[in-house]
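Structure data follow from entry-v3.cif (mmCIF, C-alpha atoms and all ligand atoms):
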data_query
#
loop_
_atom_site.label_atom_id
_atom_site.label_comp_id
_atom_site.auth_asym_id
_atom_site.auth_seq_id
_atom_site.Cartn_x
_atom_site.Cartn_y
_atom_site.Cartn_z
CA MET O 1 113.02 168.78 60.73
CA CYS O 2 116.19 170.88 60.94
CA GLY O 3 118.97 168.26 61.06
CA GLN O 4 120.78 166.71 58.10
CA PHE O 5 120.52 163.07 57.16
CA ILE O 6 123.62 161.77 55.37
CA THR O 7 123.98 158.16 54.31
CA PHE O 8 126.94 156.07 53.15
CA GLU O 9 126.38 153.34 50.59
CA GLY O 10 128.47 150.87 48.63
CA GLY O 11 129.20 147.22 48.20
CA GLU O 12 130.95 145.02 50.75
CA GLY O 13 134.52 146.10 51.48
CA SER O 14 134.10 149.53 49.88
CA GLY O 15 135.37 151.25 53.04
CA LYS O 16 132.17 153.14 53.87
CA SER O 17 132.32 152.45 57.62
CA THR O 18 135.88 153.83 57.78
CA GLN O 19 134.84 156.87 55.78
CA LEU O 20 131.76 157.45 57.93
CA ALA O 21 133.94 157.47 61.06
CA ARG O 22 136.39 159.89 59.40
CA LEU O 23 133.63 162.31 58.42
CA ALA O 24 132.04 162.07 61.87
CA ASP O 25 135.38 162.97 63.53
CA TYR O 26 135.87 165.82 61.06
CA LEU O 27 132.41 167.30 61.64
CA GLU O 28 132.60 166.89 65.41
CA LYS O 29 135.91 168.78 65.44
CA LYS O 30 134.11 171.58 63.64
CA GLY O 31 131.52 171.62 66.42
CA TYR O 32 128.60 169.92 64.68
CA PRO O 33 126.40 167.58 66.76
CA VAL O 34 126.79 164.22 65.01
CA VAL O 35 125.02 160.89 65.45
CA ARG O 36 126.78 157.83 63.98
CA THR O 37 124.61 154.87 63.21
CA ARG O 38 124.13 151.97 60.82
CA GLU O 39 121.63 149.65 59.17
CA PRO O 40 120.51 147.05 59.71
CA GLY O 41 120.72 147.84 63.42
CA GLY O 42 121.21 151.04 65.37
CA THR O 43 118.94 150.15 68.32
CA VAL O 44 118.77 147.16 70.66
CA LEU O 45 115.80 145.65 68.82
CA ALA O 46 117.15 146.49 65.35
CA ASP O 47 120.50 144.92 66.28
CA ARG O 48 118.65 141.72 67.19
CA ILE O 49 117.00 141.79 63.76
CA ARG O 50 120.46 142.40 62.23
CA ALA O 51 121.84 139.31 63.93
CA LEU O 52 118.93 137.28 62.56
CA ILE O 53 119.33 138.54 58.97
CA LEU O 54 123.10 138.15 58.79
CA ASP O 55 123.40 134.81 60.61
CA LYS O 56 125.48 132.51 58.41
CA THR O 57 123.90 129.41 59.92
CA GLU O 58 120.42 130.59 58.85
CA GLY O 59 118.89 127.93 56.59
CA ALA O 60 121.60 125.43 57.53
CA THR O 61 119.29 123.29 59.67
CA PRO O 62 118.58 120.09 57.72
CA GLY O 63 115.21 120.40 56.03
CA ALA O 64 115.06 124.20 56.47
CA ALA O 65 114.77 126.34 53.35
CA PRO O 66 117.04 129.37 52.89
CA MET O 67 115.60 132.76 53.88
CA ASP O 68 113.04 133.87 51.31
CA PRO O 69 113.97 137.23 49.66
CA LYS O 70 110.67 138.72 50.85
CA THR O 71 111.39 137.64 54.43
CA GLU O 72 114.79 139.27 54.08
CA LEU O 73 113.19 142.49 52.77
CA PHE O 74 110.68 142.66 55.62
CA LEU O 75 113.41 142.13 58.21
CA TYR O 76 115.49 145.00 56.80
CA LEU O 77 112.41 147.22 56.79
CA ALA O 78 111.45 146.14 60.31
CA SER O 79 114.91 147.09 61.51
CA ARG O 80 114.61 150.45 59.69
CA ALA O 81 111.19 151.30 61.15
CA GLN O 82 112.53 150.85 64.69
CA HIS O 83 115.77 152.69 63.91
CA ILE O 84 113.88 155.69 62.54
CA ALA O 85 111.43 155.85 65.42
CA GLU O 86 114.06 155.46 68.11
CA VAL O 87 117.19 157.15 66.73
CA ILE O 88 117.00 158.92 63.38
CA ARG O 89 113.81 160.98 63.70
CA PRO O 90 114.56 162.26 67.23
CA ALA O 91 118.12 163.20 66.21
CA LEU O 92 116.97 165.08 63.11
CA GLU O 93 114.25 166.84 65.09
CA ALA O 94 116.94 167.91 67.57
CA GLY O 95 118.91 169.48 64.67
CA LYS O 96 121.70 166.89 64.60
CA ILE O 97 123.65 165.54 61.65
CA VAL O 98 122.88 161.84 61.32
CA LEU O 99 125.52 159.79 59.53
CA CYS O 100 124.08 156.40 58.68
CA ASP O 101 125.93 153.42 57.22
CA ARG O 102 123.36 152.19 54.62
CA PHE O 103 119.65 152.99 54.21
CA THR O 104 116.94 152.52 51.56
CA ASP O 105 119.39 152.62 48.63
CA ALA O 106 120.89 149.40 50.04
CA THR O 107 117.46 147.78 50.01
CA LEU O 108 116.98 148.76 46.36
CA ALA O 109 120.47 147.54 45.39
CA TYR O 110 120.48 144.27 47.39
CA GLN O 111 116.86 143.12 47.61
CA GLY O 112 115.92 144.83 44.32
CA ALA O 113 118.77 144.67 41.80
CA ALA O 114 120.51 141.61 43.26
CA ARG O 115 117.66 139.50 44.70
CA GLY O 116 115.29 140.53 41.92
CA LEU O 117 112.34 141.82 43.98
CA PRO O 118 110.30 144.46 42.09
CA LYS O 119 111.57 148.02 42.54
CA ALA O 120 108.16 149.70 42.72
CA GLU O 121 107.00 147.38 45.52
CA ILE O 122 110.23 147.89 47.49
CA GLU O 123 109.96 151.66 47.09
CA SER O 124 106.40 151.70 48.35
CA MET O 125 107.13 149.45 51.38
CA ALA O 126 110.36 151.31 52.14
CA ARG O 127 108.47 154.62 52.08
CA PHE O 128 105.98 153.21 54.57
CA ALA O 129 108.80 152.00 56.85
CA ALA O 130 110.65 155.32 56.61
CA GLN O 131 107.58 157.49 57.41
CA GLY O 132 108.78 160.54 55.50
CA ILE O 133 112.46 160.27 56.42
CA ALA O 134 114.83 160.24 53.43
CA PRO O 135 118.53 161.05 53.10
CA ASP O 136 119.45 164.64 52.24
CA HIS O 137 122.82 163.51 50.87
CA THR O 138 124.35 160.14 50.08
CA PHE O 139 127.95 159.12 49.45
CA LEU O 140 128.18 156.10 47.20
CA LEU O 141 131.59 154.47 47.49
CA GLN O 142 132.28 152.67 44.24
CA MET O 143 135.12 150.20 44.08
CA ASP O 144 136.22 147.35 41.86
CA VAL O 145 134.03 144.44 43.09
CA SER O 146 136.66 141.69 43.08
CA LYS O 147 139.13 143.99 44.87
CA ALA O 148 136.50 144.81 47.50
CA LEU O 149 135.66 141.14 48.04
CA ALA O 150 139.36 140.27 48.37
CA ARG O 151 139.61 143.00 51.02
CA MET O 152 136.65 141.47 52.87
CA LYS O 153 138.22 138.00 52.77
CA ALA O 154 141.53 139.35 54.07
CA ARG O 155 139.64 140.97 56.94
CA GLY O 156 138.16 137.57 57.76
CA ALA O 157 134.75 139.03 58.62
CA SER O 158 131.90 137.66 56.60
CA ASN O 159 128.15 137.42 56.99
CA ARG O 160 125.40 135.62 55.09
CA LEU O 161 125.29 138.26 52.33
CA ASP O 162 129.08 138.65 52.04
CA GLU O 163 129.19 134.99 51.07
CA GLU O 164 127.01 135.42 47.99
CA ALA O 165 128.64 134.79 44.59
CA LEU O 166 130.56 137.44 42.66
CA GLN O 167 127.57 137.89 40.29
CA PHE O 168 125.40 138.92 43.26
CA HIS O 169 127.86 141.63 44.28
CA GLU O 170 128.18 142.79 40.67
CA ALA O 171 124.38 143.10 40.50
CA VAL O 172 124.47 145.15 43.72
CA GLN O 173 127.07 147.45 42.12
CA ARG O 174 124.95 147.87 38.97
CA GLY O 175 121.92 148.60 41.15
CA TYR O 176 123.79 151.34 43.01
CA THR O 177 125.08 152.84 39.75
CA ALA O 178 121.53 153.03 38.38
CA LEU O 179 120.34 154.75 41.57
CA ALA O 180 123.15 157.31 41.33
CA GLN O 181 122.29 158.00 37.70
CA ALA O 182 118.65 158.54 38.61
CA GLU O 183 119.42 160.91 41.50
CA PRO O 184 122.71 162.65 40.72
CA LYS O 185 121.98 165.61 43.01
CA ARG O 186 121.55 163.54 46.16
CA ILE O 187 123.96 160.68 45.46
CA VAL O 188 127.61 161.67 45.16
CA VAL O 189 129.69 158.89 43.64
CA ILE O 190 133.13 158.57 45.22
CA ASN O 191 135.96 156.54 43.71
CA ALA O 192 136.83 154.31 46.67
CA ASN O 193 139.82 152.70 44.90
CA ALA O 194 141.87 155.72 46.01
CA PRO O 195 143.81 155.69 49.33
CA ILE O 196 141.70 156.24 52.49
CA PRO O 197 142.92 159.83 53.20
CA VAL O 198 142.27 160.87 49.60
CA VAL O 199 138.71 159.49 49.73
CA ALA O 200 138.17 161.14 53.14
CA ALA O 201 139.31 164.53 51.82
CA GLN O 202 136.90 164.31 48.88
CA ILE O 203 134.01 163.48 51.21
CA GLN O 204 134.92 166.31 53.59
CA GLU O 205 135.01 168.79 50.72
CA GLN O 206 131.55 167.72 49.55
CA ALA O 207 130.18 167.82 53.10
CA ASP O 208 131.59 171.32 53.66
CA ALA O 209 129.87 172.43 50.47
CA PHE O 210 126.41 171.20 51.39
CA LEU O 211 126.58 172.08 55.10
CA SER O 212 127.73 175.66 54.54
P1 LIG U 301 127.15 145.96 56.41
O1 LIG U 301 128.02 144.80 56.04
O2 LIG U 301 127.40 147.18 55.61
O3 LIG U 301 127.04 146.20 57.87
O4 LIG U 301 125.64 145.57 55.94
C1 LIG U 301 125.09 144.37 56.26
C2 LIG U 301 124.59 143.66 55.05
O5 LIG U 301 123.21 143.95 54.86
C3 LIG U 301 125.28 143.98 53.74
O6 LIG U 301 125.55 142.75 53.09
C4 LIG U 301 124.25 144.75 52.96
C5 LIG U 301 122.96 144.20 53.48
N1 LIG U 301 121.78 145.07 53.39
C6 LIG U 301 120.73 144.71 52.56
O7 LIG U 301 120.80 143.69 51.88
N2 LIG U 301 119.61 145.49 52.53
C7 LIG U 301 119.47 146.61 53.30
O8 LIG U 301 118.44 147.29 53.24
C8 LIG U 301 120.58 146.97 54.17
C9 LIG U 301 120.45 148.19 55.04
C10 LIG U 301 121.70 146.18 54.19
#
Go ahead and express the file in the form of structure tokens.
Ligand code: TMP
Amino acid sequence: MCGQFITFEGGEGSGKSTQLARLADYLEKKGYPVVRTREPGGTVLADRIRALILDKTEGATPGAAPMDPKTELFLYLASRAQHIAEVIRPALEAGKIVLCDRFTDATLAYQGAARGLPKAEIESMARFAAQGIAPDHTFLLQMDVSKALARMKARGASNRLDEEALQFHEAVQRGYTALAQAEPKRIVVINANAPIPVVAAQIQEQADAFLS
């Protein structure tokens, strides 16, 4: 596999999608072949799974229970398996740089740290879904949680997970921090409280370093 797999992680409203687009533009200008994608989603089938997972009306039918955390986990992994088979693996095999908005770290932070599913089980199932594909580099955008949620509200866009309580998002943040501490070489923590161009410049500098 001769491409590079770079993921962007962070809580809601941390600005990772904006930063992914900025890095993609920057690398394309330098002549690199770049694939921009995201999870859940990234293929027609995976986008249908995304719609199912993030549907705010899910569980709202009278008498219906809310989505079980294990169901949620399997849906994220189902989306990932398809995404890898259809988009990520072929792109990496073709030597491209894949920039992906969220991957397995999100599963460990959200379904693990925040939902409370056991880490070892998630890691083993996520490994099976990923079939040997793992990020080479990850940018973790860390931002004050209440500030990020206020930004999300102002934007007006919210999904089923955005609407979780503050404690849920704080648990996500702690989960990400623990992952970064465990894998400091792969996961670069970026202070996303800084202005967008400042954050973008930091990410570009790091990317230049590991792509050179
Ligand atoms: P997005 O808002 O970054 O597009 O991500 C959609 C939501 O899915 C977000 O709330 C994070 C959540 N998520 C998980 O809970 N587990 C996962 O494995 C992934 C990829 C995303």
Discussion item. Considering all atoms listed in the file, can you say which of O:Ala130, O:Ile190, O:Leu23, O:Ala65 comes closest to ligand LIG 301 (chain U)?
Written reply: O:Ala130
Practice prompt. Name the residues in contact with Ser158 of chain O at a cut-off of 10 Å, using all atoms listed in the file, excluding same-chain residues fewer than 6 positions from it; report them as number ranges by chain.
Written response: O: 12, 54-56, 149, 152
Produce a file of the selected residues containing C-alpha atoms, as an mmCIF file, in the frame of the given file.
data_model
loop_
_atom_site.group_PDB
_atom_site.id
_atom_site.type_symbol
_atom_site.label_atom_id
_atom_site.label_comp_id
_atom_site.auth_asym_id
_atom_site.auth_seq_id
_atom_site.Cartn_x
_atom_site.Cartn_y
_atom_site.Cartn_z
ATOM 1 C CA GLU O 12 130.950 145.020 50.750
ATOM 2 C CA LEU O 54 123.100 138.150 58.790
ATOM 3 C CA ASP O 55 123.400 134.810 60.610
ATOM 4 C CA LYS O 56 125.480 132.510 58.410
ATOM 5 C CA LEU O 149 135.660 141.140 48.040
ATOM 6 C CA MET O 152 136.650 141.470 52.870
#
Specify the axis-aligned box that encloses all atoms of ligand LIG 301 (chain U) listed in the file after padding of 3 Å on each side, stating its centre and edge lengths in Å to one decimal as AutoDock Vina command-line options.
--center_x 123.2 --center_y 145.5 --center_z 54.9 --size_x 15.6 --size_y 11.4 --size_z 12.0
Worksheet entry | Within 9 Å of ligand LIG 301 (chain U) (all atoms listed in the file), residues as a ChimeraX atom specification | /O:9-13,16-17,38-41,50,53-54,72-73,75-77,79-80,101-111,114-115,158-163
Fill in: Computed interatomic separation between atom CA of Glu164 of chain O and atom CA of Phe8 of chain O (Å)
21.3 Å
Worksheet item: Which of these, O:Lys96, O:Arg22, O:Arg174, O:Lys153, has the shortest distance to Val35 of chain O once you count only C-alpha atoms?
Response: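 Under the stated criterion, the closest residue is O:Lys96.
Between Phe74 of chain O and the candidates O:Ala21, O:Leu99, O:Ala120, O:Ala129, the tightest atom-to-atom separation, counting only C-alpha atoms, involves O:Ala129.
Of the listed residues (O:Gly59, O:Asn191, O:Gly175, O:Glu183), O:Gly175 comes nearest to Lys119 of chain O; the distances count all atoms listed in the file.
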Practice prompt. Kindly give the distance, in Å, that separates atom CA of Arg127 of chain O and atom CA of Ala81 of chain O, rounded to a single decimal.
Written response: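 Value for the atom CA of Arg127 of chain O-atom CA of Ala81 of chain O distance: 10.0 Å.
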List the spatial neighbours of Ala178 of chain O as a short mmCIF file (atom, residue, chain, number, x, y, z; two decimals) with C-alpha atoms, keeping the file's coordinate frame - criterion: any atom at most 10 Å away, only C-alpha atoms, same-chain residues fewer than 6 positions off excluded.
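The resulting file, selection.cif, is shown below:
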data_model
loop_
_atom_site.label_atom_id
_atom_site.label_comp_id
_atom_site.auth_asym_id
_atom_site.auth_seq_id
_atom_site.Cartn_x
_atom_site.Cartn_y
_atom_site.Cartn_z
CA ALA O 109 120.47 147.54 45.39
CA ALA O 113 118.77 144.67 41.80
CA VAL O 172 124.47 145.15 43.72
CA PRO O 184 122.71 162.65 40.72
#
Worksheet, complete the sentence: Using all atoms listed in the file, the residue out of O:Cys100, O:Leu140, O:Ala154, O:Ala85 with shortest distance to Ile6 of chain O is O:Cys100
Practice prompt. Rank O:Ala207, O:Leu166, O:Ala150, O:Val34 by their smallest atom-to-atom distance to Ala94 of chain O, using all atoms listed in the file, and report the top residue only.
Written response: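 Closest to Ala94 of chain O, using all atoms listed in the file: O:Val34.
Taking atom CA of Gln131 of chain O as the reference point, atom CA of Ala78 of chain O is found at 12.3 Å.
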Discussion item. At a cut-off of 10 Å, using all atoms listed in the file, what residues contact Ala192 of chain O? Leave out same-chain residues fewer than 5 positions from it and give the result as JSON, numbers by chain.
Written reply: {"O": [10, 13, 14, 15, 16, 19, 140, 141, 142, 143, 144, 148, 198, 199, 200]}
Write the residues of the selection above to a file with C-alpha atoms, as a PDB file, in the frame of the given file.
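And here is the file that came out, again26.pdb:
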ATOM      1  CA  GLY O  10     128.470 150.870  48.630  1.00  0.00           C
ATOM      2  CA  GLY O  13     134.520 146.100  51.480  1.00  0.00           C
ATOM      3  CA  SER O  14     134.100 149.530  49.880  1.00  0.00           C
ATOM      4  CA  GLY O  15     135.370 151.250  53.040  1.00  0.00           C
ATOM      5  CA  LYS O  16     132.170 153.140  53.870  1.00  0.00           C
ATOM      6  CA  GLN O  19     134.840 156.870  55.780  1.00  0.00           C
ATOM      7  CA  LEU O 140     128.180 156.100  47.200  1.00  0.00           C
ATOM      8  CA  LEU O 141     131.590 154.470  47.490  1.00  0.00           C
ATOM      9  CA  GLN O 142     132.280 152.670  44.240  1.00  0.00           C
ATOM     10  CA  MET O 143     135.120 150.200  44.080  1.00  0.00           C
ATOM     11  CA  ASP O 144     136.220 147.350  41.860  1.00  0.00           C
ATOM     12  CA  ALA O 148     136.500 144.810  47.500  1.00  0.00           C
ATOM     13  CA  VAL O 198     142.270 160.870  49.600  1.00  0.00           C
ATOM     14  CA  VAL O 199     138.710 159.490  49.730  1.00  0.00           C
ATOM     15  CA  ALA O 200     138.170 161.140  53.140  1.00  0.00           C
TER      16      ALA O 200
END
Practice prompt. Tell me, as a list of chain:residue names, which residues lie within 8 Å of Glu86 of chain O, counting all atoms listed in the file; anything in the same chain fewer than 4 positions away does not count.
Written response: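 The residues satisfying every condition are O:Thr43, O:Gln82, O:Pro90.
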